[in-house]
$ cat data06.cif   # mmCIF, C-alpha atoms and all ligand atoms
data_protein
#
loop_
_atom_site.label_atom_id
_atom_site.label_comp_id
_atom_site.auth_asym_id
_atom_site.auth_seq_id
_atom_site.Cartn_x
_atom_site.Cartn_y
_atom_site.Cartn_z
CA MET A 1 195.79 -213.71 5.48
CA SER A 2 194.04 -212.59 8.65
CA GLU A 3 196.16 -211.32 11.54
CA GLU A 4 193.40 -212.27 13.97
CA TYR A 5 194.33 -215.75 15.08
CA VAL A 6 191.24 -217.78 15.89
CA LEU A 7 191.85 -217.88 19.68
CA GLY A 8 192.53 -214.12 19.94
CA ASN A 9 195.51 -212.18 21.25
CA ASP A 10 194.06 -210.32 24.21
CA GLN A 11 195.01 -210.41 27.91
CA GLU A 12 192.77 -213.44 28.53
CA GLU A 13 194.51 -215.47 25.81
CA LEU A 14 197.91 -214.30 27.07
CA SER A 15 197.09 -215.64 30.56
CA ARG A 16 195.59 -218.84 29.16
CA LEU A 17 198.74 -219.46 27.11
CA LYS A 18 200.85 -219.02 30.28
CA LEU A 19 198.78 -221.57 32.19
CA GLN A 20 198.95 -223.89 29.17
CA HIS A 21 202.71 -223.43 28.98
CA ASP A 22 203.16 -224.30 32.66
CA LEU A 23 200.92 -227.38 32.43
CA TRP A 24 202.58 -228.71 29.24
CA ARG A 25 206.16 -227.73 30.14
CA ASP A 26 207.21 -231.29 31.10
CA GLU A 27 206.22 -232.59 27.66
CA LEU A 28 208.07 -229.71 26.02
CA LEU A 29 211.27 -230.46 27.93
CA LYS A 30 211.05 -234.18 27.07
CA LEU A 31 210.93 -233.25 23.38
CA TRP A 32 213.71 -230.65 23.66
CA ASP A 33 215.90 -233.25 25.43
CA GLN A 34 215.59 -235.49 22.36
CA SER A 35 216.63 -232.69 20.02
CA SER A 36 219.70 -230.54 19.30
CA LEU A 37 218.17 -227.44 20.94
CA ARG A 38 220.42 -227.45 24.00
CA ASP A 39 223.52 -227.00 21.86
CA ALA A 40 222.11 -224.98 18.97
CA LYS A 41 223.69 -221.56 18.36
CA LYS A 42 221.03 -219.74 16.38
CA ILE A 43 217.37 -220.65 16.92
CA LEU A 44 214.01 -219.72 15.37
CA ASP A 45 210.89 -219.87 17.56
CA LEU A 46 207.97 -219.76 15.13
CA GLY A 47 204.47 -218.65 16.15
CA CYS A 48 205.99 -217.79 19.51
CA GLY A 49 202.86 -216.16 20.98
CA PRO A 50 203.80 -214.18 24.12
CA GLY A 51 207.12 -216.04 24.08
CA TYR A 52 206.92 -218.39 27.04
CA THR A 53 208.72 -221.01 24.93
CA SER A 54 211.30 -218.47 23.67
CA LEU A 55 212.22 -217.37 27.21
CA ASP A 56 212.48 -220.97 28.43
CA LEU A 57 214.49 -221.99 25.39
CA LEU A 58 217.03 -219.19 25.89
CA LYS A 59 217.58 -220.43 29.47
CA TYR A 60 217.55 -224.12 28.47
CA ASN A 61 220.20 -223.67 25.78
CA ARG A 62 223.81 -223.93 27.00
CA GLN A 63 225.53 -222.16 24.09
CA GLN A 64 224.25 -218.63 24.76
CA ALA A 65 222.33 -219.06 21.49
CA GLN A 66 220.84 -216.17 19.56
CA MET A 67 217.11 -216.46 18.96
CA THR A 68 214.62 -214.86 16.60
CA SER A 69 210.96 -215.34 17.50
CA ILE A 70 208.16 -214.55 15.09
CA ASP A 71 204.40 -214.20 15.39
CA ILE A 72 201.58 -212.36 13.62
CA SER A 73 200.30 -210.62 16.76
CA ASP A 74 201.63 -207.15 17.64
CA ASN A 75 200.45 -207.64 21.22
CA PHE A 76 202.42 -210.86 21.68
CA ILE A 77 205.52 -209.49 19.92
CA ASN A 78 205.52 -206.36 22.11
CA TYR A 79 204.97 -208.45 25.24
CA LEU A 80 207.90 -210.75 24.40
CA ASN A 81 210.29 -207.92 23.53
CA TYR A 82 209.39 -206.28 26.88
CA GLN A 83 209.98 -209.56 28.78
CA LEU A 84 213.31 -210.10 27.01
CA LYS A 85 214.46 -206.68 28.25
CA GLU A 86 213.12 -207.30 31.78
CA GLU A 87 214.99 -210.61 31.98
CA LYS A 88 218.14 -209.08 30.43
CA LEU A 89 217.92 -211.52 27.53
CA ASP A 90 217.47 -208.88 24.83
CA SER A 91 221.08 -209.21 23.67
CA ARG A 92 220.27 -212.82 22.72
CA GLY A 93 216.62 -212.73 21.67
CA GLN A 94 214.33 -210.57 19.61
CA ALA A 95 210.73 -210.90 18.47
CA LYS A 96 209.58 -209.84 15.02
CA LYS A 97 206.25 -209.71 13.28
CA SER A 98 205.85 -212.13 10.37
CA PHE A 99 203.57 -214.79 9.00
CA ILE A 100 205.56 -218.03 8.89
CA GLU A 101 204.46 -218.43 5.27
CA ASN A 102 206.18 -215.09 4.43
CA LEU A 103 209.26 -215.55 6.60
CA ASN A 104 212.02 -213.49 5.03
CA LEU A 105 214.78 -212.75 7.51
CA GLU A 106 218.15 -211.28 6.62
CA ASP A 107 219.89 -214.25 8.28
CA THR A 108 219.45 -217.69 6.74
CA ASP A 109 222.02 -219.47 8.91
CA PHE A 110 219.82 -220.71 11.78
CA ASP A 111 220.82 -224.14 13.10
CA ALA A 112 217.50 -225.03 14.79
CA ALA A 113 213.83 -224.10 14.40
CA PHE A 114 211.04 -224.82 16.82
CA CYS A 115 207.28 -224.40 16.86
CA ARG A 116 204.47 -225.54 19.12
CA TRP A 117 200.75 -225.35 18.29
CA LEU A 118 201.38 -223.14 15.26
CA MET A 119 200.92 -225.34 12.19
CA ILE A 120 197.33 -226.17 13.26
CA PHE A 121 196.49 -222.51 12.48
CA VAL A 122 198.58 -221.99 9.33
CA GLN A 123 196.77 -221.64 6.00
CA ASN A 124 199.59 -222.85 3.75
CA PRO A 125 201.79 -225.31 5.68
CA GLU A 126 203.83 -226.32 2.62
CA LYS A 127 204.83 -222.70 1.93
CA ALA A 128 205.59 -222.28 5.63
CA PHE A 129 207.92 -225.30 5.61
CA GLN A 130 209.67 -224.07 2.45
CA GLN A 131 210.44 -220.78 4.23
CA VAL A 132 211.73 -222.55 7.34
CA TYR A 133 213.89 -224.85 5.19
CA ARG A 134 215.40 -221.82 3.43
CA HIS A 135 216.40 -220.21 6.76
CA LEU A 136 218.26 -223.28 8.08
CA THR A 137 221.77 -224.55 7.43
CA SER A 138 222.40 -228.19 6.44
CA GLY A 139 222.31 -230.54 9.43
CA SER A 140 219.84 -228.32 11.33
CA GLU A 141 216.79 -229.68 13.10
CA PHE A 142 213.20 -228.48 12.92
CA ILE A 143 211.36 -229.49 16.12
CA LEU A 144 207.55 -229.42 16.26
CA GLN A 145 204.85 -230.16 18.83
CA GLU A 146 201.33 -230.08 17.32
CA TYR A 147 197.96 -231.85 17.54
CA VAL A 148 197.60 -235.03 15.49
CA SER A 149 194.09 -236.28 16.30
CA TYR A 150 192.23 -233.48 17.96
CA ASP A 151 188.98 -235.46 17.75
CA SER A 152 190.35 -237.82 20.39
CA MET A 153 189.40 -235.04 22.84
CA ASP A 154 186.60 -236.38 25.04
CA LEU A 155 184.89 -236.25 28.40
CA VAL A 156 184.15 -239.80 29.57
CA PRO A 157 182.52 -242.16 30.31
CA ASP A 158 179.47 -240.59 28.68
CA TYR A 159 178.95 -236.86 28.20
CA PRO A 160 177.17 -236.32 24.86
CA SER A 161 177.61 -232.52 24.86
CA MET A 162 181.32 -232.89 23.98
CA LYS A 163 180.76 -233.98 20.37
CA PRO A 164 179.11 -230.72 19.17
CA VAL A 165 181.90 -228.76 20.90
CA VAL A 166 184.64 -230.73 19.10
CA ASP A 167 182.75 -230.35 15.79
CA ALA A 168 182.44 -226.58 16.34
CA ILE A 169 186.18 -226.24 17.08
CA PHE A 170 186.99 -228.08 13.82
CA LYS A 171 184.63 -225.84 11.83
CA SER A 172 185.91 -222.59 13.29
CA TRP A 173 189.63 -223.39 12.89
CA LYS A 174 189.08 -224.74 9.36
CA ALA A 175 187.12 -221.62 8.39
CA GLN A 176 190.33 -219.64 9.05
CA GLY A 177 192.51 -222.04 7.08
CA GLY A 178 193.73 -224.12 9.99
CA ASP A 179 193.20 -227.80 10.80
CA PRO A 180 193.09 -229.26 14.33
CA ASN A 181 194.35 -232.59 12.86
CA ARG A 182 197.15 -230.93 10.89
CA GLY A 183 199.76 -233.12 12.61
CA LYS A 184 198.67 -236.06 10.43
CA HIS A 185 199.95 -234.24 7.34
CA LEU A 186 203.12 -232.64 8.69
CA PRO A 187 205.62 -235.53 8.39
CA SER A 188 204.83 -236.08 4.68
CA LEU A 189 204.90 -232.34 4.00
CA LEU A 190 208.26 -232.02 5.75
CA GLU A 191 209.66 -234.81 3.56
CA LYS A 192 208.16 -233.17 0.47
CA VAL A 193 210.05 -229.90 1.03
CA GLY A 194 213.35 -231.71 1.67
CA PHE A 195 213.50 -232.49 5.40
CA LYS A 196 214.18 -236.02 6.70
CA VAL A 197 211.81 -236.94 9.53
CA THR A 198 213.97 -238.53 12.22
CA HIS A 199 211.62 -238.70 15.21
CA LEU A 200 207.85 -239.15 15.63
CA GLN A 201 206.18 -239.66 18.98
CA PRO A 202 202.62 -239.38 20.30
CA VAL A 203 201.77 -237.59 23.55
CA ALA A 204 198.51 -238.74 25.14
CA LYS A 205 197.18 -237.25 28.38
CA PHE A 206 194.19 -237.74 30.68
CA ALA A 207 193.01 -235.54 33.56
CA GLN A 208 190.73 -236.18 36.49
CA PRO A 209 188.95 -233.16 37.97
CA GLN A 210 191.29 -233.05 40.99
CA ASP A 211 194.43 -233.00 38.80
CA PRO A 212 196.20 -229.67 38.16
CA PHE A 213 196.04 -230.56 34.45
CA TRP A 214 192.22 -230.27 34.61
CA GLN A 215 192.72 -226.48 34.56
CA TRP A 216 193.99 -226.72 30.99
CA PRO A 217 190.71 -227.83 29.34
CA ASP A 218 188.73 -225.86 31.92
CA SER A 219 190.43 -222.54 31.02
CA PHE A 220 190.18 -223.31 27.30
CA TYR A 221 186.43 -224.00 27.38
CA ARG A 222 185.75 -220.96 29.55
CA SER A 223 187.55 -218.65 27.17
CA PHE A 224 186.75 -220.24 23.79
CA LEU A 225 183.16 -221.53 24.07
CA PRO A 226 181.66 -218.03 24.48
CA ARG A 227 183.56 -217.05 21.31
CA LEU A 228 182.21 -220.10 19.46
CA GLN A 229 178.72 -219.09 20.54
CA LYS A 230 179.26 -215.47 19.49
CA SER A 231 180.45 -216.54 16.06
CA GLY A 232 177.51 -218.95 15.60
CA TYR A 233 179.42 -222.26 15.71
CA LEU A 234 177.54 -223.26 18.91
CA ASN A 235 174.13 -222.20 20.15
CA GLU A 236 173.32 -221.15 23.72
CA GLN A 237 171.75 -224.52 24.57
CA GLN A 238 174.85 -226.44 23.40
CA VAL A 239 177.10 -224.25 25.56
CA GLN A 240 174.82 -224.65 28.58
CA ASP A 241 174.63 -228.43 28.07
CA PHE A 242 178.40 -228.59 27.84
CA PHE A 243 179.04 -226.70 31.08
CA ALA A 244 176.32 -228.77 32.83
CA ASP A 245 178.15 -231.95 31.74
CA TRP A 246 181.53 -230.45 32.69
CA GLN A 247 180.27 -229.67 36.21
CA ALA A 248 178.61 -233.09 36.50
CA ALA A 249 181.90 -234.75 35.54
CA GLU A 250 183.70 -232.73 38.24
CA LYS A 251 181.43 -234.32 40.84
CA SER A 252 181.39 -237.86 39.40
CA PRO A 253 184.21 -240.11 40.62
CA GLY A 254 185.76 -241.97 37.70
CA SER A 255 184.98 -239.34 35.07
CA PHE A 256 187.96 -237.99 33.20
CA PHE A 257 189.05 -235.76 30.35
CA VAL A 258 190.89 -237.22 27.35
CA ALA A 259 193.24 -234.62 25.85
CA PRO A 260 193.63 -234.27 22.08
CA THR A 261 196.64 -236.36 21.06
CA VAL A 262 199.80 -234.40 20.37
CA ILE A 263 202.55 -235.36 17.92
CA ASN A 264 206.23 -234.65 18.53
CA ILE A 265 208.24 -234.33 15.33
CA ILE A 266 211.94 -233.81 14.71
CA ALA A 267 212.99 -233.31 11.09
CA LYS A 268 216.49 -232.72 9.77
CA LYS A 269 217.68 -230.62 6.86
CA LEU A 270 220.23 -232.91 5.24
C1 LIG B 301 198.33 -221.54 20.37
S1 LIG B 301 199.40 -220.17 20.15
C2 LIG B 301 200.94 -220.94 20.57
C3 LIG B 301 201.97 -219.98 21.09
C4 LIG B 301 203.31 -220.61 21.46
N1 LIG B 301 203.90 -221.30 20.33
C5 LIG B 301 203.18 -221.56 22.62
O1 LIG B 301 203.31 -222.77 22.42
O2 LIG B 301 202.92 -221.10 23.74
C6 LIG B 301 199.51 -219.98 18.38
C7 LIG B 301 200.30 -218.75 17.94
O3 LIG B 301 200.49 -218.80 16.52
C8 LIG B 301 200.39 -217.48 15.99
N2 LIG B 301 200.08 -217.63 14.56
C9 LIG B 301 198.94 -218.05 14.00
N3 LIG B 301 199.06 -218.10 12.65
C10 LIG B 301 200.35 -217.71 12.36
C11 LIG B 301 201.10 -217.59 11.15
N4 LIG B 301 200.56 -217.86 9.96
N5 LIG B 301 202.40 -217.21 11.23
C12 LIG B 301 202.96 -216.92 12.43
N6 LIG B 301 202.29 -217.02 13.61
C13 LIG B 301 201.00 -217.40 13.58
C14 LIG B 301 199.29 -216.85 16.83
O4 LIG B 301 199.33 -215.43 16.79
C15 LIG B 301 199.59 -217.42 18.21
O5 LIG B 301 200.45 -216.58 18.94
#
$ encode --input "data06.cif" --output "structure tokens" --more "lines below"
Ligand SMILES: C[S@@+](CC[C@H](N)C(=O)[O-])C[C@H]1O[C@@H](n2cnc3c(N)ncnc32)[C@H](O)[C@@H]1O
Amino acid sequence: MSEEYVLGNDQEELSRLKLQHDLWRDELLKLWDQSSLRDAKKILDLGCGPGYTSLDLLKYNRQQAQMTSIDISDNFINYLNYQLKEEKLDSRGQAKKSFIENLNLEDTDFDAAFCRWLMIFVQNPEKAFQQVYRHLTSGSEFILQEYVSYDSMDLVPDYPSMKPVVDAIFKSWKAQGGDPNRGKHLPSLLEKVGFKVTHLQPVAKFAQPQDPFWQWPDSFYRSFLPRLQKSGYLNEQQVQDFFADWQAAEKSPGSFFVAPTVINIIAKKL
């Protein structure tokens, strides 16, 4: 399994993930409010990245919960462990390097697990879920926020350069074993490994160019499209056409961005 996650783990991706976290935080809190996370005592944050969710979750929880966060990126793990110390949360939280598929912690008595935008990149989601299941006690919840129909992403009313971009994203993530539409398969996989799915909800979002949320797709395209070009999934003309359309949309009243639909899932280990 490659440790190089398709979007990278450099400073640019770290900053993009922070912006993304801030812009999606409301949706995260709405999901957490529906779950047992506020009163959990021992939490897993899976595919934590630089740990923006881990740090928020430690503050959100009212039981002084212990947390273990895992990711495959040394950079992100080191960053989170540093932040935990800085914020004097290191007695409650620690970050460790592991693939979710190979999760093998000493403790198997966690009472909640959480992941956001991880399963879309995982090569073997069934194995991953089996490992999570094994680390949880009965009655625990596994809370997920992932994409369900990534191909709903669009720039409207009519910007034809978006389709090749969406196709290229699918090809590049799938080439590394991921699936932008993975959310469609997660509820049945969770049931297959023994969880009971108790909550399913879609999250749909639009953005007009003047909205703060516009920065989310804008920062993603600026960082990821050059990579897609470099790796041959898009050619120079397709990238130029896309940014020409993107700029045209910014100046055209009534144009808007349709975000890829997200799925909220809560599953219980009975
Ligand atoms: C889009 S980021 C999301 C980070 C964080 N969950 C958040 O919502 O801000 C995806 C993260 O998953 C990690 N990742 C990818 N494949 C993984 C795997 N098989 N096991 C554990 N982490 C993985 C990447 O290194 C990256 O940090």
$ residues_near_ligand --input "data06.cif" --ligand "ligand LIG 301 (chain B)" --cutoff "8 Å" --atoms "all atoms listed in the file" --output "number ranges by chain"
A: 1, 3-9, 17-18, 20-21, 45-53, 70-73, 76, 97-101, 115-119, 121-123, 128
$ closest_residue --input "data06.cif" --among "A:Pro209, A:Leu270, A:Tyr79, A:Lys196" --to "A:Leu14" --atoms "all atoms listed in the file"
A:Tyr79
$ residues_around --input "data06.cif" --residues "stretch 229-245 of chain A" --least-positions-apart "4" --cutoff "12 Å" --atoms "all atoms listed in the file" --output "JSON, numbers by chain"
{"A": [6, 154, 155, 156, 157, 158, 159, 160, 161, 162, 163, 164, 165, 166, 167, 168, 169, 170, 171, 172, 173, 174, 175, 217, 218, 221, 222, 223, 224, 225, 249, 250, 251, 252, 255, 256, 257]}
$ closest_residue --input "data06.cif" --among "A:Val132, A:Leu55, A:Ile143, A:Val193" --to "A:Leu105" --atoms "only C-alpha atoms"
A:Val132
$ residues_near_point --input "data06.cif" --point "(218.6, -222.7, 17.9)" --cutoff "7 Å" --atoms "all atoms listed in the file" --output "mmCIF file with C-alpha atoms, keeping the file's coordinate frame"
data_model
loop_
_atom_site.group_PDB
_atom_site.id
_atom_site.type_symbol
_atom_site.label_atom_id
_atom_site.label_comp_id
_atom_site.auth_asym_id
_atom_site.auth_seq_id
_atom_site.Cartn_x
_atom_site.Cartn_y
_atom_site.Cartn_z
ATOM 1 C CA LEU A 37 218.170 -227.440 20.940
ATOM 2 C CA ALA A 40 222.110 -224.980 18.970
ATOM 3 C CA LYS A 41 223.690 -221.560 18.360
ATOM 4 C CA LYS A 42 221.030 -219.740 16.380
ATOM 5 C CA ILE A 43 217.370 -220.650 16.920
ATOM 6 C CA LEU A 44 214.010 -219.720 15.370
ATOM 7 C CA ALA A 65 222.330 -219.060 21.490
ATOM 8 C CA MET A 67 217.110 -216.460 18.960
ATOM 9 C CA PHE A 110 219.820 -220.710 11.780
ATOM 10 C CA ASP A 111 220.820 -224.140 13.100
ATOM 11 C CA ALA A 112 217.500 -225.030 14.790
ATOM 12 C CA ALA A 113 213.830 -224.100 14.400
#
